[in-house]
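> For reference, this is coords-v8.cif, and it has mmCIF, C-alpha atoms, pLDDT in the B column; chains and numbers go by the auth columns.
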data_upload
loop_
_atom_site.group_PDB
_atom_site.id
_atom_site.type_symbol
_atom_site.label_atom_id
_atom_site.label_comp_id
_atom_site.label_asym_id
_atom_site.label_seq_id
_atom_site.Cartn_x
_atom_site.Cartn_y
_atom_site.Cartn_z
_atom_site.B_iso_or_equiv
_atom_site.auth_seq_id
_atom_site.auth_asym_id
ATOM 1 C CA TYR A 1 7.346 -3.043 -17.213 90.00 30 A
ATOM 2 C CA LEU A 2 7.545 -0.437 -14.475 94.00 31 A
ATOM 3 C CA TYR A 3 4.124 -1.469 -13.151 94.00 32 A
ATOM 4 C CA LEU A 4 5.230 -5.111 -13.036 93.00 33 A
ATOM 5 C CA PHE A 5 8.350 -4.088 -11.126 95.00 34 A
ATOM 6 C CA HIS A 6 6.211 -2.150 -8.638 94.00 35 A
ATOM 7 C CA MET A 7 3.840 -5.113 -8.286 93.00 36 A
ATOM 8 C CA LEU A 8 6.731 -7.413 -7.482 94.00 37 A
ATOM 9 C CA GLN A 9 8.052 -4.933 -4.917 94.00 38 A
ATOM 10 C CA SER A 10 4.631 -4.833 -3.226 94.00 39 A
ATOM 11 C CA ILE A 11 3.631 -8.492 -3.503 94.00 40 A
ATOM 12 C CA ASP A 12 4.480 -9.298 0.135 94.00 41 A
ATOM 13 C CA SER A 13 2.538 -6.368 1.571 94.00 42 A
ATOM 14 C CA LEU A 14 -0.540 -6.516 -0.684 93.00 43 A
ATOM 15 C CA PRO A 15 -2.172 -9.966 -0.790 93.00 44 A
ATOM 16 C CA GLU A 16 -4.516 -8.715 -3.512 95.00 45 A
ATOM 17 C CA ILE A 17 -1.597 -8.798 -5.956 95.00 46 A
ATOM 18 C CA ARG A 18 -1.265 -12.546 -5.387 95.00 47 A
ATOM 19 C CA TYR A 19 -5.039 -12.961 -5.783 96.00 48 A
ATOM 20 C CA LEU A 20 -4.947 -10.989 -9.040 95.00 49 A
ATOM 21 C CA LEU A 21 -2.069 -13.054 -10.411 95.00 50 A
ATOM 22 C CA ALA A 22 -3.927 -16.238 -9.438 95.00 51 A
ATOM 23 C CA TYR A 23 -7.050 -14.944 -11.210 95.00 52 A
ATOM 24 C CA PHE A 24 -5.162 -14.303 -14.453 95.00 53 A
ATOM 25 C CA SER A 25 -3.407 -17.669 -14.188 96.00 54 A
ATOM 26 C CA LYS A 26 -6.841 -19.309 -13.972 96.00 55 A
ATOM 27 C CA VAL A 27 -8.309 -17.230 -16.813 93.00 56 A
ATOM 28 C CA SER A 28 -5.314 -18.116 -19.001 94.00 57 A
ATOM 29 C CA GLY A 29 -5.863 -21.818 -18.338 93.00 58 A
ATOM 30 C CA TYR A 30 -2.654 -22.448 -16.386 96.00 59 A
ATOM 31 C CA THR A 31 -4.379 -23.116 -13.071 94.00 60 A
ATOM 32 C CA ASN A 32 -7.537 -25.008 -12.167 94.00 61 A
ATOM 33 C CA PRO A 33 -10.241 -22.413 -11.349 93.00 62 A
ATOM 34 C CA ARG A 34 -11.062 -24.297 -8.147 92.00 63 A
ATOM 35 C CA ASP A 35 -7.473 -24.172 -6.822 93.00 64 A
ATOM 36 C CA PHE A 36 -6.763 -21.681 -4.057 93.00 65 A
ATOM 37 C CA LYS A 37 -3.159 -21.257 -2.953 92.00 66 A
ATOM 38 C CA PHE A 38 -3.810 -18.377 -0.549 92.00 67 A
ATOM 39 C CA ASN A 39 -6.596 -17.437 1.880 92.00 68 A
ATOM 40 C CA GLU A 40 -9.419 -19.290 0.121 93.00 69 A
ATOM 41 C CA ASP A 41 -12.283 -17.094 1.375 95.00 70 A
ATOM 42 C CA LYS A 42 -10.569 -13.830 0.487 95.00 71 A
ATOM 43 C CA GLN A 43 -9.234 -15.149 -2.804 95.00 72 A
ATOM 44 C CA LEU A 44 -12.692 -16.434 -3.784 94.00 73 A
ATOM 45 C CA LEU A 45 -14.292 -13.054 -3.034 95.00 74 A
ATOM 46 C CA PHE A 46 -11.554 -11.160 -4.833 95.00 75 A
ATOM 47 C CA GLU A 47 -11.781 -13.357 -7.927 95.00 76 A
ATOM 48 C CA GLY A 48 -15.562 -12.932 -8.000 94.00 77 A
ATOM 49 C CA ILE A 49 -15.240 -9.154 -7.786 93.00 78 A
ATOM 50 C CA VAL A 50 -12.541 -9.026 -10.479 94.00 79 A
ATOM 51 C CA HIS A 51 -14.589 -11.292 -12.740 93.00 80 A
ATOM 52 C CA SER A 52 -17.663 -9.060 -12.332 90.00 81 A
ATOM 53 C CA ALA A 53 -15.617 -5.909 -12.886 90.00 82 A
ATOM 54 C CA LEU A 54 -13.978 -7.271 -16.025 89.00 83 A
ATOM 55 C CA ASN A 55 -17.353 -8.375 -17.389 88.00 84 A
ATOM 56 C CA LEU A 56 -18.606 -4.814 -16.922 86.00 85 A
ATOM 57 C CA TYR A 57 -15.435 -3.506 -18.566 86.00 86 A
ATOM 58 C CA TYR A 58 -15.600 -5.793 -21.594 86.00 87 A
ATOM 59 C CA ASN A 59 -19.368 -5.615 -22.071 85.00 88 A
ATOM 60 C CA GLY A 60 -19.710 -1.883 -21.456 80.00 89 A
ATOM 61 C CA GLY A 61 -22.185 -2.483 -18.634 78.00 90 A
ATOM 62 C CA ALA A 62 -21.110 0.447 -16.489 78.00 91 A
ATOM 63 C CA SER A 63 -21.817 4.066 -17.305 82.00 92 A
ATOM 64 C CA ARG A 64 -18.820 6.206 -18.105 82.00 93 A
ATOM 65 C CA SER A 65 -19.874 8.934 -15.667 85.00 94 A
ATOM 66 C CA LYS A 66 -20.150 6.476 -12.750 83.00 95 A
ATOM 67 C CA LEU A 67 -16.750 5.032 -13.604 83.00 96 A
ATOM 68 C CA ILE A 68 -15.234 8.514 -13.766 87.00 97 A
ATOM 69 C CA ASP A 69 -16.744 9.319 -10.351 88.00 98 A
ATOM 70 C CA SER A 70 -15.365 6.063 -8.972 85.00 99 A
ATOM 71 C CA HIS A 71 -11.926 6.774 -10.415 85.00 100 A
ATOM 72 C CA ASN A 72 -11.966 10.287 -8.948 90.00 101 A
ATOM 73 C CA ARG A 73 -12.726 8.821 -5.494 90.00 102 A
ATOM 74 C CA PHE A 74 -9.851 6.379 -6.016 86.00 103 A
ATOM 75 C CA VAL A 75 -7.469 9.244 -6.856 91.00 104 A
ATOM 76 C CA LYS A 76 -8.611 11.275 -3.829 93.00 105 A
ATOM 77 C CA GLU A 77 -8.088 8.290 -1.505 91.00 106 A
ATOM 78 C CA LEU A 78 -4.565 7.753 -2.841 90.00 107 A
ATOM 79 C CA GLU A 79 -3.748 11.457 -2.557 93.00 108 A
ATOM 80 C CA ALA A 80 -5.018 11.497 1.046 93.00 109 A
ATOM 81 C CA LYS A 81 -2.858 8.463 1.911 90.00 110 A
ATOM 82 C CA LYS A 82 0.158 10.092 0.286 90.00 111 A
ATOM 83 C CA GLU A 83 -0.467 13.345 2.184 91.00 112 A
ATOM 84 C CA GLU A 84 -0.849 11.402 5.437 91.00 113 A
ATOM 85 C CA LYS A 85 2.427 9.598 4.791 89.00 114 A
ATOM 86 C CA LEU A 86 4.181 12.861 3.891 89.00 115 A
ATOM 87 C CA SER A 87 2.826 14.531 7.023 91.00 116 A
ATOM 88 C CA ARG A 88 4.078 11.651 9.173 89.00 117 A
ATOM 89 C CA THR A 89 7.493 11.785 7.467 91.00 118 A
ATOM 90 C CA GLN A 90 7.742 15.516 8.159 93.00 119 A
ATOM 91 C CA GLN A 91 6.674 14.957 11.764 91.00 120 A
ATOM 92 C CA LEU A 92 9.348 12.282 12.258 93.00 121 A
ATOM 93 C CA ASP A 93 11.946 14.523 10.648 94.00 122 A
ATOM 94 C CA MET A 94 11.108 17.341 13.094 94.00 123 A
ATOM 95 C CA ILE A 95 11.305 14.899 16.012 95.00 124 A
ATOM 96 C CA LYS A 96 14.691 13.679 14.751 96.00 125 A
ATOM 97 C CA VAL A 97 16.013 17.254 14.555 96.00 126 A
ATOM 98 C CA LYS A 98 14.770 17.949 18.078 95.00 127 A
ATOM 99 C CA ALA A 99 16.337 14.722 19.393 96.00 128 A
ATOM 100 C CA LEU A 100 19.671 15.532 17.773 96.00 129 A
ATOM 101 C CA LYS A 101 19.577 19.033 19.263 96.00 130 A
ATOM 102 C CA GLU A 102 18.703 17.770 22.755 96.00 131 A
ATOM 103 C CA LEU A 103 21.511 15.220 22.602 96.00 132 A
ATOM 104 C CA GLY A 104 24.026 17.669 21.142 96.00 133 A
ATOM 105 C CA PHE A 105 24.559 15.742 17.913 97.00 134 A
ATOM 106 C CA SER A 106 24.503 17.156 14.392 95.00 135 A
ATOM 107 C CA GLU A 107 23.545 13.933 12.598 95.00 136 A
ATOM 108 C CA VAL A 108 22.580 10.313 13.124 95.00 137 A
ATOM 109 C CA THR A 109 25.583 8.004 12.918 95.00 138 A
ATOM 110 C CA PRO A 110 25.983 4.273 13.538 95.00 139 A
ATOM 111 C CA GLU A 111 27.551 5.162 16.880 95.00 140 A
ATOM 112 C CA ASN A 112 24.671 7.329 18.156 95.00 141 A
ATOM 113 C CA ALA A 113 21.697 5.835 16.287 96.00 142 A
ATOM 114 C CA VAL A 114 20.260 3.877 19.224 96.00 143 A
ATOM 115 C CA GLU A 115 20.508 6.889 21.519 96.00 144 A
ATOM 116 C CA VAL A 116 18.912 9.193 18.933 96.00 145 A
ATOM 117 C CA TYR A 117 16.048 6.780 18.207 95.00 146 A
ATOM 118 C CA ASP A 118 15.419 6.307 21.928 95.00 147 A
ATOM 119 C CA LYS A 119 15.299 10.088 22.337 95.00 148 A
ATOM 120 C CA MET A 120 12.909 10.331 19.370 95.00 149 A
ATOM 121 C CA ALA A 121 10.600 7.803 21.037 94.00 150 A
ATOM 122 C CA GLU A 122 10.794 9.784 24.272 94.00 151 A
ATOM 123 C CA ILE A 123 9.920 13.036 22.476 93.00 152 A
ATOM 124 C CA GLU A 124 7.015 11.390 20.685 90.00 153 A
ATOM 125 C CA ASN A 125 5.694 9.960 23.967 90.00 154 A
ATOM 126 C CA ARG A 126 5.812 13.426 25.543 87.00 155 A
ATOM 127 C CA LYS A 127 3.269 14.613 22.975 75.00 156 A
ATOM 128 C CA GLN A 128 0.747 11.953 23.946 68.00 157 A
#
If you took the structure in this file and wrote it as structure tokens, what would it be?

Amino acid sequence: YLYLFHMLQSIDSLPEIRYLLAYFSKVSGYTNPRDFKFNEDKQLLFEGIVHSALNLYYNGGASRSKLIDSHNRFVKELEAKKEEKLSRTQQLDMIKVKALKELGFSEVTPENAVEVYDKMAEIENRKQ
């Protein structure tokens, strides 16, 4: 159920989750296949792609080696995004430390948060 929990946490930021849930609702017979509750064009395309992919999956129409290559690209893309996010987090942490030092504070508190964040923005703008 962990994956379901993560899906529910991400449902507002990833419209594809809604499209996927709609697809399975239609496949299960709960929803008319011609009903579109979201962006109709995008939902239609997504459902067509998922249907084609699942047909390949169930009928064995895709070669294992091509699927492994595709999955490896998927993993590399996710790792690159994670690294990018980590790099940005580290960068912001360094900027926060510098801002605190310049302002003479040791930590961010509710009392100094606005001042620290303004200083962080100033430091970041200096780099550009």
> Could the centre and edge lengths of an axis-aligned box, enclosing all atoms of region 105-124 of chain A in the file with 3 Å extra on each side, be given in Å to one decimal as lines of an AutoDock Vina configuration file?

center_x = 1.7
center_y = 12.5
center_z = 6.1
size_x = 26.6
size_y = 15.6
size_z = 25.8
> Go through A:His80, A:Lys111, A:Lys55, A:Lys130 one by one, measure the shortest atom-to-atom distance of each to Val145 (chain A) using all atoms listed in the file, and give the residue with the smallest value.
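Nearest candidate to Val145 (chain A) out of A:His80, A:Lys111, A:Lys55, A:Lys130: A:Lys130.
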> Quick one: of A:Val104, A:Asn61, A:Val56, A:Glu153, who's nearest to Leu83 (chain A), counting all atoms listed in the file?
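Looking at the shortest contact to Leu83 (chain A), the residue is A:Val56.
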> Quick one: apply the PyMOL selection byres ((chain A and resi 131-135) around 12) to the file and drop the selected residues here as a PyMOL selection string.
chain A and resi 124-130+136-138+140-149+151-152
> At what distance in Å, to one decimal, does CA of Gln119 (chain A) lie from CA of Tyr32 (chain A)?
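Calculated distance between CA of Tyr32 (chain A) and CA of Gln119 (chain A) is 27.5 Å.
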